[in-house]
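S.K.: See my_file-v2.json below, with JSON, C-alpha atoms.
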```json
[["chain", "number", "residue", "atom", "x", "y", "z"],
["A", 1, "MET", "CA", 32.67, -100.28, 20.80],
["A", 2, "LYS", "CA", 29.85, -99.15, 18.59],
["A", 3, "THR", "CA", 29.11, -96.08, 20.73],
["A", 4, "SER", "CA", 32.74, -94.87, 20.64],
["A", 5, "TYR", "CA", 32.80, -95.48, 16.87],
["A", 6, "LYS", "CA", 29.69, -93.31, 16.46],
["A", 7, "VAL", "CA", 31.23, -90.59, 18.65],
["A", 8, "LEU", "CA", 34.36, -90.60, 16.50],
["A", 9, "ILE", "CA", 32.26, -90.27, 13.34],
["A", 10, "VAL", "CA", 30.30, -87.36, 14.83],
["A", 11, "ILE", "CA", 33.55, -85.67, 15.92],
["A", 12, "GLY", "CA", 34.99, -86.22, 12.45],
["A", 13, "ILE", "CA", 31.92, -84.70, 10.80],
["A", 14, "VAL", "CA", 32.03, -81.70, 13.16],
["A", 15, "VAL", "CA", 35.76, -81.19, 12.45],
["A", 16, "VAL", "CA", 35.18, -81.39, 8.67],
["A", 17, "LEU", "CA", 32.29, -78.93, 8.88],
["A", 18, "ALA", "CA", 34.39, -76.57, 11.02],
["A", 19, "LEU", "CA", 37.20, -76.73, 8.46],
["A", 20, "VAL", "CA", 34.77, -76.02, 5.61],
["A", 21, "VAL", "CA", 33.26, -73.03, 7.43],
["A", 22, "ALA", "CA", 36.71, -71.72, 8.40],
["A", 23, "SER", "CA", 37.96, -72.03, 4.82],
["A", 24, "GLN", "CA", 34.86, -70.15, 3.60],
["A", 25, "PHE", "CA", 35.54, -67.30, 6.05],
["A", 26, "ILE", "CA", 39.16, -67.21, 4.94],
["A", 27, "GLY", "CA", 38.07, -67.11, 1.29],
["A", 28, "TRP", "CA", 35.62, -64.27, 1.94],
["A", 29, "LYS", "CA", 38.25, -62.31, 3.82],
["A", 30, "ASN", "CA", 40.82, -62.86, 1.05],
["A", 31, "ARG", "CA", 38.32, -61.69, -1.59],
["A", 32, "LEU", "CA", 37.77, -58.47, 0.35],
["A", 33, "VAL", "CA", 41.54, -58.01, 0.76],
["A", 34, "SER", "CA", 41.95, -58.40, -3.01],
["A", 35, "LEU", "CA", 39.21, -55.86, -3.74],
["A", 36, "ASP", "CA", 40.63, -53.44, -1.18],
["A", 37, "GLU", "CA", 44.11, -53.69, -2.69],
["A", 38, "ASN", "CA", 42.70, -53.16, -6.18],
["A", 39, "THR", "CA", 40.94, -50.02, -4.96],
["A", 40, "LYS", "CA", 44.19, -48.75, -3.44],
["A", 41, "THR", "CA", 46.07, -49.51, -6.67],
["A", 42, "GLN", "CA", 43.51, -47.65, -8.75],
["A", 43, "TRP", "CA", 43.65, -44.70, -6.36],
["A", 44, "ALA", "CA", 47.43, -44.65, -6.76],
["A", 45, "GLN", "CA", 46.91, -44.38, -10.52],
["A", 46, "VAL", "CA", 44.57, -41.41, -10.00],
["A", 47, "GLU", "CA", 47.17, -39.77, -7.76],
["A", 48, "SER", "CA", 49.88, -40.36, -10.33],
["A", 49, "GLN", "CA", 47.88, -38.56, -13.03],
["A", 50, "LEU", "CA", 46.88, -35.78, -10.64],
["A", 51, "GLN", "CA", 50.56, -35.27, -9.83],
["A", 52, "ARG", "CA", 51.33, -35.08, -13.55],
["A", 53, "ARG", "CA", 48.73, -32.33, -13.86],
["A", 54, "LEU", "CA", 50.17, -30.51, -10.85],
["A", 55, "ASP", "CA", 53.60, -30.60, -12.47],
["A", 56, "LEU", "CA", 52.25, -29.10, -15.72],
["A", 57, "ILE", "CA", 50.26, -26.27, -14.18],
["A", 58, "PRO", "CA", 53.15, -23.92, -13.18],
["A", 59, "ASN", "CA", 54.46, -23.95, -16.75],
["A", 60, "LEU", "CA", 51.01, -23.28, -18.15],
["A", 61, "VAL", "CA", 50.40, -20.44, -15.69],
["A", 62, "GLU", "CA", 53.76, -18.82, -16.47],
["A", 63, "THR", "CA", 53.08, -18.97, -20.20],
["A", 64, "VAL", "CA", 49.64, -17.40, -19.78],
["A", 65, "LYS", "CA", 51.02, -14.75, -17.38],
["A", 66, "GLY", "CA", 53.14, -13.27, -20.14],
["A", 67, "TYR", "CA", 50.06, -12.65, -22.26],
["A", 68, "ALA", "CA", 47.34, -11.98, -19.76],
["A", 69, "LYS", "CA", 48.78, -9.71, -17.09],
["A", 70, "HIS", "CA", 45.38, -8.26, -16.14],
["A", 71, "GLU", "CA", 43.89, -11.76, -15.57],
["A", 72, "GLU", "CA", 45.78, -12.03, -12.29],
["A", 73, "SER", "CA", 42.76, -13.21, -10.27],
["A", 74, "VAL", "CA", 42.30, -16.32, -12.42],
["A", 75, "LEU", "CA", 46.00, -17.13, -12.28],
["A", 76, "THR", "CA", 46.04, -16.64, -8.52],
["A", 77, "GLU", "CA", 43.02, -18.92, -8.17],
["A", 78, "VAL", "CA", 44.74, -21.67, -10.16],
["A", 79, "THR", "CA", 47.90, -21.31, -8.09],
["A", 80, "LYS", "CA", 45.96, -21.44, -4.79],
["A", 81, "ALA", "CA", 43.95, -24.45, -5.96],
["A", 82, "ARG", "CA", 47.18, -26.22, -6.93],
["A", 83, "ALA", "CA", 48.67, -25.49, -3.50],
["A", 84, "SER", "CA", 45.58, -26.85, -1.75],
["A", 85, "VAL", "CA", 45.83, -30.07, -3.78],
["A", 86, "ALA", "CA", 49.44, -30.47, -2.74],
["A", 87, "GLY", "CA", 48.41, -30.07, 0.92],
["A", 88, "ALA", "CA", 45.57, -32.61, 0.82],
["A", 89, "ASN", "CA", 46.21, -35.89, 2.63],
["A", 90, "THR", "CA", 43.18, -38.16, 2.54],
["A", 91, "PRO", "CA", 41.48, -39.43, -0.62],
["A", 92, "SER", "CA", 38.38, -37.37, 0.23],
["A", 93, "GLU", "CA", 40.44, -34.18, 0.65],
["A", 94, "LYS", "CA", 42.31, -34.90, -2.57],
["A", 95, "MET", "CA", 39.05, -35.43, -4.43],
["A", 96, "ALA", "CA", 37.61, -32.15, -3.16],
["A", 97, "THR", "CA", 40.74, -30.08, -3.82],
["A", 98, "ASN", "CA", 41.21, -31.59, -7.29],
["A", 99, "ASN", "CA", 37.63, -30.70, -8.15],
["A", 100, "GLN", "CA", 38.44, -27.10, -7.16],
["A", 101, "LEU", "CA", 41.56, -27.23, -9.32],
["A", 102, "THR", "CA", 39.59, -28.58, -12.27],
["A", 103, "SER", "CA", 37.16, -25.69, -11.92],
["A", 104, "ALA", "CA", 39.99, -23.13, -11.74],
["A", 105, "LEU", "CA", 41.67, -24.67, -14.80],
["A", 106, "SER", "CA", 38.46, -24.45, -16.80],
["A", 107, "ARG", "CA", 38.27, -20.72, -15.97],
["A", 108, "LEU", "CA", 41.91, -20.35, -17.03],
["A", 109, "LEU", "CA", 41.16, -21.95, -20.38],
["A", 110, "VAL", "CA", 38.26, -19.51, -20.85],
["A", 111, "VAL", "CA", 40.76, -16.66, -20.31],
["A", 112, "VAL", "CA", 43.01, -18.19, -22.95],
["A", 113, "GLU", "CA", 40.22, -17.91, -25.52],
["A", 114, "ARG", "CA", 40.50, -14.11, -25.23],
["A", 115, "TYR", "CA", 44.10, -14.08, -26.47],
["A", 116, "PRO", "CA", 44.56, -15.30, -30.05],
["A", 117, "ASP", "CA", 48.33, -14.68, -29.91],
["A", 118, "LEU", "CA", 48.60, -16.94, -26.88],
["A", 119, "LYS", "CA", 46.59, -19.65, -28.59],
["A", 120, "ALA", "CA", 49.12, -19.56, -31.45],
["A", 121, "ASN", "CA", 52.19, -19.71, -29.16],
["A", 122, "GLN", "CA", 53.99, -23.04, -29.64],
["A", 123, "ASN", "CA", 54.96, -23.41, -25.97],
["A", 124, "PHE", "CA", 51.39, -22.82, -24.91],
["A", 125, "LEU", "CA", 50.03, -25.22, -27.51],
["A", 126, "ALA", "CA", 52.42, -27.93, -26.37],
["A", 127, "LEU", "CA", 51.48, -27.36, -22.72],
["A", 128, "GLN", "CA", 47.79, -27.31, -23.57],
["A", 129, "ASP", "CA", 48.14, -30.62, -25.43],
["A", 130, "GLU", "CA", 50.00, -32.12, -22.47],
["A", 131, "LEU", "CA", 47.30, -30.88, -20.11],
["A", 132, "ALA", "CA", 44.51, -32.23, -22.34],
["A", 133, "GLY", "CA", 46.22, -35.62, -22.47],
["A", 134, "THR", "CA", 46.67, -35.58, -18.71],
["A", 135, "GLU", "CA", 43.00, -34.67, -18.18],
["A", 136, "ASN", "CA", 42.05, -37.67, -20.33],
["A", 137, "ARG", "CA", 44.33, -39.91, -18.27],
["A", 138, "ILE", "CA", 42.83, -38.53, -15.07],
["A", 139, "SER", "CA", 39.35, -39.28, -16.40],
["A", 140, "VAL", "CA", 40.28, -42.87, -17.19],
["A", 141, "ALA", "CA", 42.04, -43.31, -13.83],
["A", 142, "ARG", "CA", 39.02, -41.88, -11.98],
["A", 143, "GLN", "CA", 36.71, -44.23, -13.85],
["A", 144, "ARG", "CA", 38.86, -47.25, -13.00],
["A", 145, "TYR", "CA", 39.09, -46.16, -9.37],
["A", 146, "ASN", "CA", 35.32, -45.71, -9.14],
["A", 147, "GLU", "CA", 34.82, -49.18, -10.65],
["A", 148, "ALA", "CA", 37.17, -50.67, -8.07],
["A", 149, "ALA", "CA", 35.45, -48.73, -5.27],
["A", 150, "ARG", "CA", 32.06, -49.96, -6.49],
["A", 151, "ALA", "CA", 33.24, -53.57, -6.51],
["A", 152, "LEU", "CA", 34.66, -53.27, -2.99],
["A", 153, "ASN", "CA", 31.65, -51.41, -1.59],
["A", 154, "ALA", "CA", 29.12, -53.78, -3.14],
["A", 155, "THR", "CA", 30.96, -56.87, -1.97],
["A", 156, "ARG", "CA", 31.33, -55.45, 1.55],
["A", 157, "ARG", "CA", 27.56, -55.21, 1.81],
["A", 158, "MET", "CA", 26.75, -58.62, 0.28],
["A", 159, "PHE", "CA", 26.06, -61.63, 2.39],
["A", 160, "PRO", "CA", 28.18, -63.58, 3.39],
["A", 161, "TYR", "CA", 31.03, -61.08, 2.88],
["A", 162, "SER", "CA", 29.33, -58.69, 5.28],
["A", 163, "LEU", "CA", 30.16, -61.17, 8.05],
["A", 164, "VAL", "CA", 33.89, -60.47, 7.66],
["A", 165, "ALA", "CA", 33.80, -56.93, 6.18],
["A", 166, "GLY", "CA", 34.16, -55.04, 9.46],
["A", 167, "THR", "CA", 37.86, -54.29, 8.96],
["A", 168, "PHE", "CA", 37.38, -52.83, 5.47],
["A", 169, "LYS", "CA", 36.27, -49.21, 5.10],
["A", 170, "GLU", "CA", 33.90, -48.13, 2.37],
["A", 171, "ALA", "CA", 35.83, -46.53, -0.48],
["A", 172, "PRO", "CA", 34.65, -43.02, -1.42],
["A", 173, "TYR", "CA", 33.70, -42.34, -5.02],
["A", 174, "PHE", "CA", 35.44, -39.66, -7.06],
["A", 175, "GLU", "CA", 32.47, -37.51, -8.06],
["A", 176, "ALA", "CA", 32.26, -34.38, -10.16],
["A", 177, "THR", "CA", 31.32, -31.11, -8.51],
["A", 178, "ALA", "CA", 28.13, -29.25, -9.33],
["A", 179, "GLU", "CA", 30.25, -26.68, -11.23],
["A", 180, "ALA", "CA", 31.49, -29.39, -13.58],
["A", 181, "LYS", "CA", 27.97, -29.97, -14.84],
["A", 182, "GLU", "CA", 27.92, -26.55, -16.49],
["A", 183, "ALA", "CA", 30.10, -25.73, -19.48],
["A", 184, "PRO", "CA", 32.37, -22.72, -18.98],
["A", 185, "LYS", "CA", 31.17, -19.58, -20.73],
["A", 186, "VAL", "CA", 33.51, -18.05, -23.28],
["A", 187, "LYS", "CA", 33.10, -14.29, -23.84],
["A", 188, "PHE", "CA", 35.04, -12.25, -26.36]]
```
Could the structure of this file be written out as structure tokens, please?
M.R.:
Amino acid sequence: MKTSYKVLIVIGIVVVLALVVASQFIGWKNRLVSLDENTKTQWAQVESQLQRRLDLIPNLVETVKGYAKHEESVLTEVTKARASVAGANTPSEKMATNNQLTSALSRLLVVVERYPDLKANQNFLALQDELAGTENRISVARQRYNEAARALNATRRMFPYSLVAGTFKEAPYFEATAEAKEAPKVKF
């Protein structure tokens, strides 16, 4: 009887250890799922603010058009950049096209500096305030997304999470373009 009792104890210990290891794997997987969902939620917030900006741009362009007819190339560039953002599908494409749009908008705001009457126009001022507020929201949303992406990416690479991270893709960071590092030049 003693041998069968020992076998039962060994089997019990093996079963308990297997359950502990399985629960650890489940916990690691659930942690990665939580981080992945947080990254997706933060990206949705970025997209929401980018959409808000896209909705404001046509009104801003139309207001500027009335004052700056000979600045057609800048207005066309903003319109094309906006269209390319609307056509982007993946987060990486959206990041790249929104960086182009940001660059085009900064050139548009430089054009605005040349027209004092436009800067005094109430419609333009209201649109410019809306756009400035939206740009601030985009900045905050990008920061939160990048923090969520960092948490996911770091955890994916850490042991023991790396054992179960195969199904989770690395989240790309929303980075500024090289053009964003230089302030736009205003010439009168």
S.K.: Report the distance between CA of Arg52 (chain A) and CA of Glu37 (chain A) in Å, rounded to one decimal place.
M.R.: 22.7 Å
S.K.: Considering only C-alpha atoms, state which residue in the set A:Ala171, A:Val164, A:Ala81, A:Leu17 is at the smallest distance from Glu147 (chain A).
M.R.: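 Among the listed residues, A:Ala171 lies closest to Glu147 (chain A).
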S.K.: List as a CSV table (one decimal) with C-alpha atoms, keeping the file's coordinate frame the residues having at least one atom at most 12 Å from position (35.2, -49.6, -11.3) as given in the file, counting only C-alpha atoms.
M.R.:
```
chain,number,residue,atom,x,y,z
A,35,LEU,CA,39.2,-55.9,-3.7
A,38,ASN,CA,42.7,-53.2,-6.2
A,39,THR,CA,40.9,-50.0,-5.0
A,40,LYS,CA,44.2,-48.8,-3.4
A,41,THR,CA,46.1,-49.5,-6.7
A,42,GLN,CA,43.5,-47.6,-8.8
A,43,TRP,CA,43.6,-44.7,-6.4
A,140,VAL,CA,40.3,-42.9,-17.2
A,141,ALA,CA,42.0,-43.3,-13.8
A,142,ARG,CA,39.0,-41.9,-12.0
A,143,GLN,CA,36.7,-44.2,-13.8
A,144,ARG,CA,38.9,-47.2,-13.0
A,145,TYR,CA,39.1,-46.2,-9.4
A,146,ASN,CA,35.3,-45.7,-9.1
A,147,GLU,CA,34.8,-49.2,-10.6
A,148,ALA,CA,37.2,-50.7,-8.1
A,149,ALA,CA,35.4,-48.7,-5.3
A,150,ARG,CA,32.1,-50.0,-6.5
A,151,ALA,CA,33.2,-53.6,-6.5
A,152,LEU,CA,34.7,-53.3,-3.0
A,153,ASN,CA,31.6,-51.4,-1.6
A,154,ALA,CA,29.1,-53.8,-3.1
A,171,ALA,CA,35.8,-46.5,-0.5
A,172,PRO,CA,34.6,-43.0,-1.4
A,173,TYR,CA,33.7,-42.3,-5.0
A,174,PHE,CA,35.4,-39.7,-7.1
```
S.K.: As an exercise, work out the distance from CA of Ile138 (chain A) to CA of Arg31 (chain A) in Å and give it to one decimal place.
M.R.: 27.2 Å
S.K.: Suppose you want the space between CA of Thr76 (chain A) and CA of Leu108 (chain A); what is it in Å?
M.R.: 10.2 Å
S.K.: Given all atoms listed in the file as the basis, pick out the residue of A:Leu56, A:Val33, A:Leu19, A:Val110 nearest to Gly166 (chain A).
M.R.: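 Looking only at the distances to Gly166 (chain A), the closest residue turns out to be A:Val33.
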S.K.: Find the residues with any atom within 12 Å of (49.1, -26.7, -2.0); use only C-alpha atoms and the coordinates as given in the file, and write the answer as a VMD selection string.
M.R.: chain A and resid 51 54 77 to 89 93 to 94 97 to 98 100 to 101
S.K.: Nearest to Ser92 (chain A) among A:Glu170, A:Leu60, A:Asp36, A:Ile26, with distances taken over all atoms listed in the file: which residue is it?
M.R.: A:Glu170
